[in-house]
Protein chains: 2
Amino acid sequence: MNKSDDNLKRIRHSSAHILAQAVMSLYPDVKLAIGPAIDDGFYYDFEFPEEVKISRNDLSAIEKEMKKIISQKQIFSKSYKSIDDAIKFLDQKNQPYSKELAEDLKKSGHKKVSFYKNGDFINLCSGPHVKSSDEIKAVKLLSVAGAYWKGDERNQMLVRIYGTAFPSERALKEHLENLKKAKQNDHRKIGRQLDLFCFSDLVGPGLPLYTPKGSVIIEELQKHIEKVCRKYGFEKVMTPHIAKIGLYELSGHAEKFPEEILHVNSERYKDWAMKPVQCPHQAQIYASRPRSYRELPIRYMESNKQYRGEKPGELRGLQRVVAITVEDGHSFCRVDQVKEEVKIMVKIIKEFFESLGLWESKWVSLSVRDPNNLDKYIGKQDEWELCEKLLQEISDEMKLDAQVCEGEAAVYGPKLDFMFKDSLGRDVQIPTVQVDFASPRRFKLSYIDEEGKEQLPVMVHRAILGSYERLLVVLLEHFGGALPLWMAPVQAAILPISEKQNGYARKLLNKFKENEIRVELNNKSIPLSARIREAQLQKIPYIVIVGDHEVKDKSISVRMRDGKQRANQEIDKFIKEVQDKIARKEII
Amino acid sequence: MNKSDDNLKRIRHSSAHILAQAVMSLYPDVKLAIGPAIDDGFYYDFEFPEEVKISRNDLSAIEKEMKKIISQKQIFSKSYKSIDDAIKFLDQKNQPYSKELAEDLKKSGHKKVSFYKNGDFINLCSGPHVKSSDEIKAVKLLSVAGAYWKGDERNQMLVRIYGTAFPSERALKEHLENLKKAKQNDHRKIGRQLDLFCFSDLVGPGLPLYTPKGSVIIEELQKHIEKVCRKYGFEKVMTPHIAKIGLYELSGHAEKFPEEILHVNSERYKDWAMKPVQCPHQAQIYASRPRSYRELPIRYMESNKQYRGEKPGELRGLQRVVAITVEDGHSFCRVDQVKEEVKIMVKIIKEFFESLGLWESKWVSLSVRDPNNLDKYIGKQDEWELCEKLLQEISDEMKLDAQVCEGEAAVYGPKLDFMFKDSLGRDVQIPTVQVDFASPRRFKLSYIDEEGKEQLPVMVHRAILGSYERLLVVLLEHFGGALPLWMAPVQAAILPISEKQNGYARKLLNKFKENEIRVELNNKSIPLSARIREAQLQKIPYIVIVGDHEVKDKSISVRMRDGKQRANQEIDKFIKEVQDKIARKEII
């Protein structure tokens, strides 16, 4: 999260406390679980007494109670208890979930913990909060959902109430309007409308299947990113989706994500796993023969699926899936080449996201270690310092204005993360560049230097496009389904006014196809207006209409996606124009 | 196997018996396992007494003994025993493996079994054999290897002796010369030399990793096949590599290939499996929304990995792998469209294999049911008859001269299989077209006909390119690594004679790259002749040499892969020529 969001975070976290406080005053027997600020608001998880069924209809009464509390200008104050006193206190208050959290803190070595109090409400919390409740100028409860305690489906199902809060009524109003728009633009809705992807109960959750139209978009994106990367020396490699589990034990992923690993076994092969990342496989191609300093940097790229057993409750359309199609790549280089490699990657990121029209909305995070928790990172101190300095220099030289974000580094090295805004204004991290001294050591990679000695290469990880699924979500929602011409599954629809023009329409169809324009003929026996409406719902950039007049003139009439109409178009000239716009990746 | 090979098969199967007979006369305590004819010869598996270590060096003595037997004009005669007598007889002869085979036959319901006898040798065998041993005009033992009893690694390791036999000395000599050539052209050797793919002990057996150069070949093949298929209305889809095991239970694959299924499980997901085929996933895309008769045929294609847990002992380079990259597709159509669909597929197969220069060597199998074993097929009698008739008509109309091969049908329908010759003259089946009424029923697929009624579509399966791995084996061995220009990983190498021409060479490099020719600069500080040799070993189609003369003239000198040299070439003209050859997929 951006630093400037700190105030918003305080307002929302305090709103969550006030939500709990309001619920307790209306339902005194409720048990409190957790209530964090999230990207676009806050929530609180509750266990209500069995006889209480909370629905959307109850939200206005709770919201009213919250507003009463806010208007009382209650002061938020922090205090400390020893961990044992805290557990005893929460037990006395009959709050089993809060007590469990305190016990967890005790297990992880905490000696004392903080509480926040406002009015008659007090709970275990590390803050931060607003000073006074009236800093919350606008609050709104939004929805009710189910959520498992600690996100684990084996635990108690709780009731989660979502809300949002802002420092002004105007900002809240704007957000609610965005929300409404976002609902219309939900990628799942657009995906169904445009027939881009589907899920199947027989196949399983989190496993999207891409229809011909969805596959066109992915293929166009892939061709584009690979062309850009190839220009900068990246070469494509292809690797399988499984390996012996030992490969991920070596890389550290098996230990780090035990719940996400999908294990593979058969009568003949035991202890294999599906790959949760691409790096170990690509490292094995590097390791397949001796390398000389002269060959470096060696740059691999790959668009391929990887598999993570995400929590079933968190799967959502293409936003969170089990089968993730990632665009991943690595540069294996010498230490003295790292800076140039990172710069090349940043150039690629800029070029690619400029062509999608998204570059201007980005901000960059220079993700470094959590200074209070240095133990959780691998690698040597001096290498970390070298890399962090280097990334800072690059940010300065390339005017990225990267914001240092502590605790956001990868386990093996610092990184530059590029964040874009989704249709709700939330940060979505897509590209990333990560400098890694540790993995080459683990994989025993080497090269022979000018003096014939074995040296350790550096691995620079980079994802440009990120995952195709996540990028599709952003693009579909950003463009409301009206994708840029070059990636539109159908670029033109041909509509003969009546049966009489079917022959002419078919000739046009072939002509467009020969010129590699993705085109459909719609001569269904329904009125022209209905067929125009179909094409508009499909967000087809060009609707080509032909009647007797066009047949006679050997011309076409065109209705553009923005509603503009052009009559009497010369066919060849129009085709040339469309081809040019596609080649230039113009966003029409 | 082609019908005309029947005689060869008899000769080789009889040679296997004579091999066993010869071994028994030299090593009386040997236990006999099995000895079939195979595509390019025969083998026999033996258990030798522990103290006997058979090696290549022992083969000439065995071969000599075989030739002695052959010259005795021994007559092969068939006789029958009741199954219990057979078991008793083999037990008395102290042949535990043969006895186990007889017991297996008893379990599967056989009442009596046949034996073949020649000279003093007799064994359980269903034949057929030559009449007299002197029909074997030429025999040669080739190698010794290990093999598990019944191919199962949990069983006893046996000694397998390979040999070959022919009806003439000339045919044997030709075959041995081919063998020598094939050894030089072994795809594994070429793959290493050209750095196309690798295996990694950390990743696992049967899981090839494609280097940048190997990936180029696969990508070029894929672009080509997809372009051809797209012309005929195939659309690309993309599907994940796993599904709930229930999907393959429904399709029948889980039951049919239990040992090959790779099972997937995690803490959160149970009873998933890796896909052994693409059909069930593609059927789920068809099933994702209602279909109308107007939409049919719907044609999907996909180049994607599938996974089969093949026997570890049978994995061999790219020839047999666990991770198989298949080019698979399906047409979902009405019954009245099946014939046209199959014809379209045959047209695609012809166009694609003509462009690889392989079409002329093909023969086609019309693979029908085993008339003695109709129970093992699913689907209705009238549908089978309809399909078989239809495929015969297509073979006639398209002059395929398909040979009816009984027992070669798929479990759900008859098929046309297209066979090519590998460098050993063995049949390699690559493309296939299969008509399937049964799977749509299992998957409950449907479409709405003109009268608004639900109907069952037909699924026509087709693989054109087959598996990329198998095609790579054929192509690499067929061309001895000197791949056609359009798929060559590096199409041109630029070699400056001395350092002085480095600048000019670099300009050329960029010019070639801009014109999308895959090019490498080799200005290593080793003699020109050594660099030419490197390029030749890499089978690079064009070696571009530049010295002072070329710099002055703004020209290039070119050395072609066939040794021809061309001096004073105009750069632009040469580039245009290469581009044209690439575009025309000329086999240079």
# chains A, B, ... in the order shown; residues from 1 in each chain; ligands from 1

call {"tool": "residues_around", "arguments": {"residues": "Ala402 (chain A)", "least_positions_apart": "4", "cutoff": "12 Å", "atoms": "only C-alpha atoms", "output": "PDB file with C-alpha atoms, in the first residue's frame"}}
result
ATOM      1  CA  ASN A   2       1.143   3.512  -0.874  1.00  0.00           C
ATOM      2  CA  LYS A   3       2.414   5.616   2.020  1.00  0.00           C
ATOM      3  CA  LYS A 362       1.611   3.133 -12.311  1.00  0.00           C
ATOM      4  CA  TRP A 363       3.660   3.664  -9.207  1.00  0.00           C
ATOM      5  CA  VAL A 364       6.803   1.772  -8.297  1.00  0.00           C
ATOM      6  CA  SER A 365       7.740   0.118  -5.038  1.00  0.00           C
ATOM      7  CA  LEU A 366      11.364  -0.474  -4.105  1.00  0.00           C
ATOM      8  CA  SER A 367      10.599  -3.473  -1.928  1.00  0.00           C
ATOM      9  CA  VAL A 368      13.219  -4.023   0.760  1.00  0.00           C
ATOM     10  CA  GLU A 388      19.222  -2.198  -2.694  1.00  0.00           C
ATOM     11  CA  LEU A 391      17.824  -0.517  -7.449  1.00  0.00           C
ATOM     12  CA  GLN A 392      17.743   2.941  -5.876  1.00  0.00           C
ATOM     13  CA  GLU A 393      20.234   4.184  -8.489  1.00  0.00           C
ATOM     14  CA  ILE A 394      18.128   2.725 -11.268  1.00  0.00           C
ATOM     15  CA  SER A 395      14.994   4.346  -9.887  1.00  0.00           C
ATOM     16  CA  ASP A 396      16.830   7.695  -9.871  1.00  0.00           C
ATOM     17  CA  GLU A 397      18.405   7.320 -13.298  1.00  0.00           C
ATOM     18  CA  MET A 398      15.185   6.131 -14.916  1.00  0.00           C
ATOM     19  CA  LYS A 415      12.775  -5.965  -5.938  1.00  0.00           C
ATOM     20  CA  LEU A 416      11.104  -3.306  -7.983  1.00  0.00           C
ATOM     21  CA  ASP A 417       7.333  -3.864  -8.081  1.00  0.00           C
ATOM     22  CA  PHE A 418       5.125  -1.982 -10.502  1.00  0.00           C
ATOM     23  CA  MET A 419       1.611  -1.229  -9.286  1.00  0.00           C
TER      24      MET A 419
END

call {"tool": "select_by_dssp", "arguments": {"residues": "region 445-512 of chain A", "states": "alpha helix (DSSP H)", "output": "list in words"}}
result
Tyr468, Glu469, Arg470, Leu471, Leu472, Val473, Val474, Leu475, Leu476, Glu477, His478, Asn502, Gly503, Tyr504, Ala505, Arg506, Lys507, Leu508, Leu509, Asn510, Lys511 and Phe512 of chain A

call {"tool": "write_last_selection", "arguments": {"atoms": "N, CA, C and O atoms", "output": "mmCIF file, in the first residue's frame"}}
result
data_model
loop_
_atom_site.group_PDB
_atom_site.id
_atom_site.type_symbol
_atom_site.label_atom_id
_atom_site.label_comp_id
_atom_site.auth_asym_id
_atom_site.auth_seq_id
_atom_site.Cartn_x
_atom_site.Cartn_y
_atom_site.Cartn_z
ATOM 1 N N TYR A 468 -1.378 -13.951 -16.960
ATOM 2 C CA TYR A 468 -2.359 -13.585 -17.982
ATOM 3 C C TYR A 468 -3.740 -13.432 -17.361
ATOM 4 O O TYR A 468 -4.531 -12.601 -17.775
ATOM 5 N N GLU A 469 -4.016 -14.252 -16.342
ATOM 6 C CA GLU A 469 -5.322 -14.171 -15.695
ATOM 7 C C GLU A 469 -5.510 -12.796 -15.041
ATOM 8 O O GLU A 469 -6.515 -12.138 -15.224
ATOM 9 N N ARG A 470 -4.508 -12.382 -14.274
ATOM 10 C CA ARG A 470 -4.652 -11.116 -13.559
ATOM 11 C C ARG A 470 -4.700 -9.946 -14.544
ATOM 12 O O ARG A 470 -5.475 -9.008 -14.371
ATOM 13 N N LEU A 471 -3.868 -10.008 -15.586
ATOM 14 C CA LEU A 471 -3.870 -8.928 -16.562
ATOM 15 C C LEU A 471 -5.214 -8.876 -17.299
ATOM 16 O O LEU A 471 -5.746 -7.798 -17.567
ATOM 17 N N LEU A 472 -5.776 -10.051 -17.575
ATOM 18 C CA LEU A 472 -7.095 -10.090 -18.230
ATOM 19 C C LEU A 472 -8.151 -9.413 -17.360
ATOM 20 O O LEU A 472 -8.990 -8.672 -17.867
ATOM 21 N N VAL A 473 -8.091 -9.682 -16.056
ATOM 22 C CA VAL A 473 -9.037 -9.033 -15.142
ATOM 23 C C VAL A 473 -8.902 -7.523 -15.267
ATOM 24 O O VAL A 473 -9.886 -6.799 -15.456
ATOM 25 N N VAL A 474 -7.657 -7.035 -15.185
ATOM 26 C CA VAL A 474 -7.421 -5.582 -15.247
ATOM 27 C C VAL A 474 -7.892 -5.029 -16.588
ATOM 28 O O VAL A 474 -8.606 -4.022 -16.639
ATOM 29 N N LEU A 475 -7.530 -5.692 -17.685
ATOM 30 C CA LEU A 475 -7.877 -5.164 -19.012
ATOM 31 C C LEU A 475 -9.389 -5.195 -19.243
ATOM 32 O O LEU A 475 -9.967 -4.212 -19.714
ATOM 33 N N LEU A 476 -10.023 -6.315 -18.914
ATOM 34 C CA LEU A 476 -11.470 -6.428 -19.150
ATOM 35 C C LEU A 476 -12.221 -5.379 -18.341
ATOM 36 O O LEU A 476 -13.150 -4.751 -18.835
ATOM 37 N N GLU A 477 -11.791 -5.180 -17.098
ATOM 38 C CA GLU A 477 -12.505 -4.225 -16.246
ATOM 39 C C GLU A 477 -12.156 -2.788 -16.640
ATOM 40 O O GLU A 477 -13.011 -1.915 -16.651
ATOM 41 N N HIS A 478 -10.893 -2.566 -16.993
ATOM 42 C CA HIS A 478 -10.457 -1.223 -17.388
ATOM 43 C C HIS A 478 -11.200 -0.773 -18.645
ATOM 44 O O HIS A 478 -11.675 0.360 -18.726
ATOM 45 N N ASN A 502 -25.933 -11.588 -49.451
ATOM 46 C CA ASN A 502 -25.144 -12.659 -48.840
ATOM 47 C C ASN A 502 -23.872 -12.974 -49.629
ATOM 48 O O ASN A 502 -22.813 -13.191 -49.047
ATOM 49 N N GLY A 503 -23.990 -13.002 -50.920
ATOM 50 C CA GLY A 503 -22.829 -13.317 -51.764
ATOM 51 C C GLY A 503 -21.740 -12.266 -51.592
ATOM 52 O O GLY A 503 -20.565 -12.592 -51.372
ATOM 53 N N TYR A 504 -22.138 -11.018 -51.663
ATOM 54 C CA TYR A 504 -21.202 -9.910 -51.503
ATOM 55 C C TYR A 504 -20.552 -9.958 -50.111
ATOM 56 O O TYR A 504 -19.334 -9.799 -49.962
ATOM 57 N N ALA A 505 -21.392 -10.232 -49.118
ATOM 58 C CA ALA A 505 -20.898 -10.279 -47.734
ATOM 59 C C ALA A 505 -19.861 -11.388 -47.580
ATOM 60 O O ALA A 505 -18.841 -11.215 -46.893
ATOM 61 N N ARG A 506 -20.105 -12.522 -48.241
ATOM 62 C CA ARG A 506 -19.171 -13.633 -48.125
ATOM 63 C C ARG A 506 -17.826 -13.315 -48.776
ATOM 64 O O ARG A 506 -16.772 -13.678 -48.262
ATOM 65 N N LYS A 507 -17.899 -12.606 -49.913
ATOM 66 C CA LYS A 507 -16.652 -12.182 -50.556
ATOM 67 C C LYS A 507 -15.856 -11.254 -49.633
ATOM 68 O O LYS A 507 -14.642 -11.380 -49.497
ATOM 69 N N LEU A 508 -16.587 -10.338 -49.007
ATOM 70 C CA LEU A 508 -15.940 -9.428 -48.054
ATOM 71 C C LEU A 508 -15.290 -10.205 -46.911
ATOM 72 O O LEU A 508 -14.151 -9.941 -46.520
ATOM 73 N N LEU A 509 -16.036 -11.185 -46.402
ATOM 74 C CA LEU A 509 -15.546 -12.016 -45.302
ATOM 75 C C LEU A 509 -14.179 -12.608 -45.668
ATOM 76 O O LEU A 509 -13.214 -12.512 -44.901
ATOM 77 N N ASN A 510 -14.112 -13.201 -46.848
ATOM 78 C CA ASN A 510 -12.849 -13.818 -47.269
ATOM 79 C C ASN A 510 -11.751 -12.788 -47.444
ATOM 80 O O ASN A 510 -10.600 -13.020 -47.092
ATOM 81 N N LYS A 511 -12.118 -11.633 -47.977
ATOM 82 C CA LYS A 511 -11.132 -10.580 -48.188
ATOM 83 C C LYS A 511 -10.548 -10.114 -46.839
ATOM 84 O O LYS A 511 -9.340 -9.938 -46.705
ATOM 85 N N PHE A 512 -11.414 -9.914 -45.868
ATOM 86 C CA PHE A 512 -10.935 -9.518 -44.540
ATOM 87 C C PHE A 512 -10.031 -10.618 -43.963
ATOM 88 O O PHE A 512 -8.971 -10.333 -43.402
#

call {"tool": "closest_residue", "arguments": {"among": "A:His110, A:Lys183, A:Arg289, A:Arg584", "to": "chain B", "atoms": "only C-alpha atoms"}}
result
A:Arg289

call {"tool": "residues_around", "arguments": {"residues": "Pro496 (chain A)", "least_positions_apart": "4", "cutoff": "10 Å", "atoms": "only C-alpha atoms", "output": "number ranges by chain"}}
result
A: 500-506, 521-524, 528, 531, 544-548, 550-551

call {"tool": "atom_distance", "arguments": {"atom1": "CA of Asp562 (chain B)", "atom2": "CA of Tyr542 (chain B)"}}
result
9.5 Å

call {"tool": "interface_residues", "arguments": {"of": "chain B", "to": "chain A", "cutoff": "8 Å", "atoms": "only C-alpha atoms", "output": "PyMOL selection string"}}
result
chain B and resi 198-200+202-204+207-212+214-216+235-240+242-244+246-247+259-269+281+284-285+288+300+305+309-312+323

call {"tool": "residues_around", "arguments": {"residues": "region 32-38 of chain B", "least_positions_apart": "2", "cutoff": "6 Å", "atoms": "only C-alpha atoms", "output": "list in words"}}
result
Lys9, Arg12, His13, Ala16, Asp40, Gly41, Phe42, Tyr43, Tyr44, Asp45, Phe46 and Tyr97 of chain B

call {"tool": "closest_residue", "arguments": {"among": "A:Leu19, A:Val428, A:Ile75, A:Ala463", "to": "Val277 (chain A)", "atoms": "only C-alpha atoms"}}
result
A:Ala463

call {"tool": "residues_around", "arguments": {"residues": "region 336-351 of chain A", "least_positions_apart": "5", "cutoff": "10 Å", "atoms": "only C-alpha atoms", "output": "number ranges by chain"}}
result
A: 225, 228-233, 296-297, 299, 330-331, 356, 358-360, 362, 387, 390-391, 393-395, 397-398, 400, 415-416, 418, 430-436, 457-465
